[in-house]
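A.B. asks: The following block contains the structure, expressed as structure tokens.
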Amino acid sequence: MPQEPLWPDPAPDLHWYDLLLVNVSGGKDSQATLDVIHELASDAGVEQRIVVVHADLGKADWPQTLPLVHEHAAHYGARLEVVRREIADPQTGRRRPQELLEQVEARGMWPDRRRRWCTSDWKRGPCLTVMTSLVRELDPQRLGRPVRALNVFGFRAEESPERRHRLSFHHDERASNGRRHVDVWHPIHRWQVEEVWARCRSAGTRIHPAYTEHGMPRLSCQFCPLASTGALVLAARADPEKARKYLDVEKQTGHSFQQHTSLAQIIERAESPTDVPPAASWNG
């Protein structure tokens with residue numbers, strides 16, 4: 001467990017917020033964050049304001065992710081909102097969930113570090129939609145003021161240079177409007193990975209099998225273009241069939257999965273019993 005204080009600045013006054021939105025992926029950082037927020041909210045007597053939000057990536061996710069997210073939310077008795085990217089079906093015109101590979105085929109390219117449309121299209125957009133719905137439920141007109149929402153994420157400075165420079169707490173001007181006031185908090189921003197694992201072990205919630213069974217250093221899409229080579233090899237060994245479906249899309253689009261690494265190379269290494277690459281983390 002990290003030494004007190006858990007964060008360098010005073011924690012936000014949870015009483016002030018109508019909604020405590022905890023964004024979870026099923027990974028270790030959001031698992032630890034959910035446990036922290038539940039503890040603080042329970043101490044403040046506002047744990048009923050917690051809403052767990054999960055952006056479901058469909059078949060791009062590890063298959064164990066969605067059931068585990070349900071399990072984690074149920075452990076705390078928290079409301080869970082699962083969001084998906086939806087499109088109008090070209091055949092019927094009706095709204096339906098879209099698969100990530102379907103969008104890759106339509107764009108003719110994979111997301112990369114400079115063009116992370118997977119994050120904006122699959123996470124930020126749908127999560128803002130559910131925020132709008134939750135604000136409507138609370139009814140700002142009835143409250144006589146904008147709904148106050150604290151948007152909580154498990155981002156840590158240790159993960160990447162970009163996340164290192166994020167503020168632990170800030171007002172989200174873009175997400176706020178006349179109906180809602182939105183602040184963002186990263187409560188474990190300065191934690192080290194050892195502190196995260198300690199919190200996960202003490203939380204009483206199950207750790208994702210991607211870590212415990214497959215040795216993944218981080219949790220993201222099962223095949224993330226930002227992942228390290230070693231992590232992708234582990235993912236391909238865990239699910240060879242899905243790896244080949246991704247390879248088919250790579251061939252169809254003619255766009256390499258990563259700038260210097262194709263899925264064919266990843267699969268070749270995954271099929272070699274003597275190839276044991278280090279599963280380094282990645283700066284996503």
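Convention: chains lettered A, B, ... in structure tokens order; per-chain residue numbering from 1; ligands numbered from 1 as shown.
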Residues at most 12 Å from segment 131-140 of chain A, counting only C-alpha atoms, excluding those fewer than 3 positions away in the same chain, as an MDAnalysis selection string?
C.D. replies: chainID A and resid 17:23 49:54 79:83 124:128 143:151 175:182
A.B. asks: Which residues come within 10 Å of Trp197 of chain A, counting only C-alpha atoms, excluding same-chain residues fewer than 6 positions away, as a list of chain:residue names?
C.D. replies: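 In the requested format, the answer is A:Met1, A:Lys28, A:Asp29, A:Gln31, A:Ala32, A:Ala203, A:Ile207.
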A.B. asks: Could you save those same residues with all heavy atoms as a PDB file, in the first residue's frame?
C.D. replies:
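Listing of result_35.pdb after writing:
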```pdb
ATOM      1  N   MET A   1       0.837  -1.199   0.000  1.00  0.00           N
ATOM      2  CA  MET A   1       0.000   0.000   0.000  1.00  0.00           C
ATOM      3  C   MET A   1       0.868   1.243   0.000  1.00  0.00           C
ATOM      4  O   MET A   1       1.898   1.275   0.653  1.00  0.00           O
ATOM      5  CB  MET A   1      -0.898   0.010   1.237  1.00  0.00           C
ATOM      6  CG  MET A   1      -1.908  -1.100   1.263  1.00  0.00           C
ATOM      7  SD  MET A   1      -3.208  -0.830   0.031  1.00  0.00           S
ATOM      8  CE  MET A   1      -4.021   0.594   0.757  1.00  0.00           C
ATOM      9  N   LYS A  28      -5.495  -3.346 -14.054  1.00  0.00           N
ATOM     10  CA  LYS A  28      -5.060  -3.179 -12.670  1.00  0.00           C
ATOM     11  C   LYS A  28      -5.240  -1.749 -12.155  1.00  0.00           C
ATOM     12  O   LYS A  28      -5.605  -1.547 -10.989  1.00  0.00           O
ATOM     13  CB  LYS A  28      -3.594  -3.593 -12.521  1.00  0.00           C
ATOM     14  CG  LYS A  28      -2.607  -2.751 -13.323  1.00  0.00           C
ATOM     15  CD  LYS A  28      -1.190  -3.295 -13.203  1.00  0.00           C
ATOM     16  CE  LYS A  28      -0.182  -2.385 -13.909  1.00  0.00           C
ATOM     17  NZ  LYS A  28      -0.468  -2.234 -15.360  1.00  0.00           N
ATOM     18  N   ASP A  29      -4.963  -0.743 -13.004  1.00  0.00           N
ATOM     19  CA  ASP A  29      -5.023   0.642 -12.533  1.00  0.00           C
ATOM     20  C   ASP A  29      -6.455   1.068 -12.211  1.00  0.00           C
ATOM     21  O   ASP A  29      -6.699   1.713 -11.186  1.00  0.00           O
ATOM     22  CB  ASP A  29      -4.403   1.584 -13.580  1.00  0.00           C
ATOM     23  CG  ASP A  29      -2.922   1.322 -13.763  1.00  0.00           C
ATOM     24  OD1 ASP A  29      -2.254   0.995 -12.765  1.00  0.00           O
ATOM     25  OD2 ASP A  29      -2.427   1.434 -14.897  1.00  0.00           O
ATOM     26  N   GLN A  31      -8.838  -1.013 -11.522  1.00  0.00           N
ATOM     27  CA  GLN A  31      -9.258  -1.875 -10.417  1.00  0.00           C
ATOM     28  C   GLN A  31      -8.862  -1.241  -9.078  1.00  0.00           C
ATOM     29  O   GLN A  31      -9.668  -1.178  -8.147  1.00  0.00           O
ATOM     30  CB  GLN A  31      -8.612  -3.255 -10.553  1.00  0.00           C
ATOM     31  CG  GLN A  31      -8.990  -4.243  -9.464  1.00  0.00           C
ATOM     32  CD  GLN A  31      -8.337  -5.612  -9.675  1.00  0.00           C
ATOM     33  OE1 GLN A  31      -7.630  -5.833 -10.662  1.00  0.00           O
ATOM     34  NE2 GLN A  31      -8.557  -6.518  -8.758  1.00  0.00           N
ATOM     35  N   ALA A  32      -7.621  -0.757  -8.999  1.00  0.00           N
ATOM     36  CA  ALA A  32      -7.156  -0.094  -7.783  1.00  0.00           C
ATOM     37  C   ALA A  32      -7.915   1.209  -7.554  1.00  0.00           C
ATOM     38  O   ALA A  32      -8.292   1.540  -6.420  1.00  0.00           O
ATOM     39  CB  ALA A  32      -5.653   0.170  -7.869  1.00  0.00           C
ATOM     40  N   ALA A 203      -7.870  -5.516  -2.330  1.00  0.00           N
ATOM     41  CA  ALA A 203      -9.236  -5.080  -2.639  1.00  0.00           C
ATOM     42  C   ALA A 203     -10.261  -6.204  -2.536  1.00  0.00           C
ATOM     43  O   ALA A 203     -11.449  -5.955  -2.308  1.00  0.00           O
ATOM     44  CB  ALA A 203      -9.290  -4.466  -4.031  1.00  0.00           C
ATOM     45  N   ILE A 207      -8.156 -10.349 -10.211  1.00  0.00           N
ATOM     46  CA  ILE A 207      -7.263  -9.692 -11.167  1.00  0.00           C
ATOM     47  C   ILE A 207      -7.470 -10.311 -12.542  1.00  0.00           C
ATOM     48  O   ILE A 207      -7.701 -11.517 -12.677  1.00  0.00           O
ATOM     49  CB  ILE A 207      -5.798  -9.828 -10.706  1.00  0.00           C
ATOM     50  CG1 ILE A 207      -5.599  -9.029  -9.406  1.00  0.00           C
ATOM     51  CG2 ILE A 207      -4.826  -9.353 -11.780  1.00  0.00           C
ATOM     52  CD1 ILE A 207      -4.269  -9.277  -8.720  1.00  0.00           C
TER      53      ILE A 207
END
```
A.B. asks: Which is closer to Arg156 of chain A than all the others in A:Glu195, A:Glu173, A:Glu39, A:Glu102, using only C-alpha atoms?
C.D. replies: A:Glu195
A.B. asks: Could you pull the residues within 9 Å of segment 258-275 of chain A, counting only C-alpha atoms, minus those fewer than 2 positions along the same chain, as a ChimeraX atom specification?
C.D. replies: /A:110-112,225-226,229-230,232-237,240,243-244,246-247,250,255-256,277
A.B. asks: Export, as a PDB file, in the first residue's frame, the selected residues with C-alpha atoms.
C.D. replies:
```
ATOM      1  CA  TRP A 110      -4.900   0.935 -38.029  1.00  0.00           C
ATOM      2  CA  PRO A 111      -4.812   3.564 -35.286  1.00  0.00           C
ATOM      3  CA  ASP A 112      -1.345   4.672 -34.220  1.00  0.00           C
ATOM      4  CA  PRO A 225      -1.100  -1.257 -32.165  1.00  0.00           C
ATOM      5  CA  LEU A 226       0.650   0.651 -29.370  1.00  0.00           C
ATOM      6  CA  THR A 229       6.299  -6.626 -29.491  1.00  0.00           C
ATOM      7  CA  GLY A 230       6.638  -8.996 -26.552  1.00  0.00           C
ATOM      8  CA  LEU A 232       1.697  -8.840 -28.848  1.00  0.00           C
ATOM      9  CA  VAL A 233       3.485 -12.189 -29.051  1.00  0.00           C
ATOM     10  CA  LEU A 234       1.885 -13.186 -25.736  1.00  0.00           C
ATOM     11  CA  ALA A 235      -1.537 -12.081 -27.002  1.00  0.00           C
ATOM     12  CA  ALA A 236      -1.099 -14.106 -30.203  1.00  0.00           C
ATOM     13  CA  ARG A 237      -0.172 -17.188 -28.193  1.00  0.00           C
ATOM     14  CA  PRO A 240      -4.061 -17.619 -32.315  1.00  0.00           C
ATOM     15  CA  ALA A 243      -4.443 -13.047 -34.317  1.00  0.00           C
ATOM     16  CA  ARG A 244      -5.096 -14.525 -37.766  1.00  0.00           C
ATOM     17  CA  TYR A 246      -6.282  -9.396 -37.508  1.00  0.00           C
ATOM     18  CA  LEU A 247      -3.718 -10.605 -40.018  1.00  0.00           C
ATOM     19  CA  GLU A 250      -3.849  -6.268 -42.324  1.00  0.00           C
ATOM     20  CA  HIS A 255      -1.565  -1.217 -43.881  1.00  0.00           C
ATOM     21  CA  SER A 256       0.951  -2.700 -41.437  1.00  0.00           C
ATOM     22  CA  PRO A 277      10.589 -12.072 -25.757  1.00  0.00           C
TER      23      PRO A 277
END
```
A.B. asks: Might you pull out every residue within 8 Å of segment 167-171 of chain A, with only C-alpha atoms counted and same-chain residues fewer than 6 positions away left off, and present them as a ChimeraX atom specification?
C.D. replies: /A:182-187,189
A.B. asks: Please identify all polymer residues within 9 Å of Leu100 of chain A, counting only C-alpha atoms, omitting same-chain residues fewer than 3 positions from it, and present them as an mmCIF file with C-alpha atoms, in the first residue's frame.
C.D. replies:
```cif
data_model
loop_
_atom_site.group_PDB
_atom_site.id
_atom_site.type_symbol
_atom_site.label_atom_id
_atom_site.label_comp_id
_atom_site.auth_asym_id
_atom_site.auth_seq_id
_atom_site.Cartn_x
_atom_site.Cartn_y
_atom_site.Cartn_z
ATOM 1 C CA LEU A 57 -14.498 -2.644 -27.208
ATOM 2 C CA GLY A 58 -16.430 -5.668 -28.423
ATOM 3 C CA LYS A 59 -14.385 -8.487 -29.946
ATOM 4 C CA ALA A 60 -11.240 -6.340 -29.760
ATOM 5 C CA GLN A 103 -13.827 0.378 -38.574
ATOM 6 C CA VAL A 104 -10.231 -0.487 -39.495
ATOM 7 C CA GLU A 105 -11.491 -1.986 -42.758
ATOM 8 C CA CYS A 118 -9.853 4.289 -31.324
ATOM 9 C CA TRP A 122 -14.653 4.063 -28.793
#
```
A.B. asks: Mind the document's chain letters and residue numbers, and return as a PyMOL selection string the residues of segment 27-103 of chain A that DSSP labels helix (DSSP H, G or I).
C.D. replies: chain A and resi 28-44+47-49+58-60+65-75+100-103
A.B. asks: Using atom CA of Ala157 of chain A and atom CA of Met216 of chain A as the two end points, give the distance in Å to one decimal.
C.D. replies: 19.5 Å
A.B. asks: As a PyMOL selection string, please: every residue in segment 38-219 of chain A that a backbone DSSP assignment puts in strand (DSSP E).
C.D. replies: chain A and resi 50-55+79-83+86-88+95-97+147-152+169-171+180-185
A.B. asks: Go ahead and compute the interatomic distance for atom CA of Ser220 of chain A and atom CA of Asp61 of chain A, in Å to one decimal.
C.D. replies: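 Spanning atom CA of Ser220 of chain A to atom CA of Asp61 of chain A is a straight-line distance of 7.3 Å.
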A.B. asks: Rounded to one decimal place, report the atom CA of Arg114 of chain A-atom CA of Pro90 of chain A distance in Å.
C.D. replies: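 Computed distance, atom CA of Arg114 of chain A to atom CA of Pro90 of chain A, equals 29.0 Å.
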A.B. asks: With distances taken over only C-alpha atoms, which of A:Cys200, A:Pro209, A:Gly108, A:Ala44 is nearest to Lys251 of chain A?
C.D. replies: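 The answer is A:Gly108, which sits nearest to Lys251 of chain A.
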A.B. asks: When you count only C-alpha atoms, which of these residues is closest to Glu99 of chain A: A:Thr205, A:Asp248, A:Asp56, A:Glu71?
C.D. replies: A:Asp56
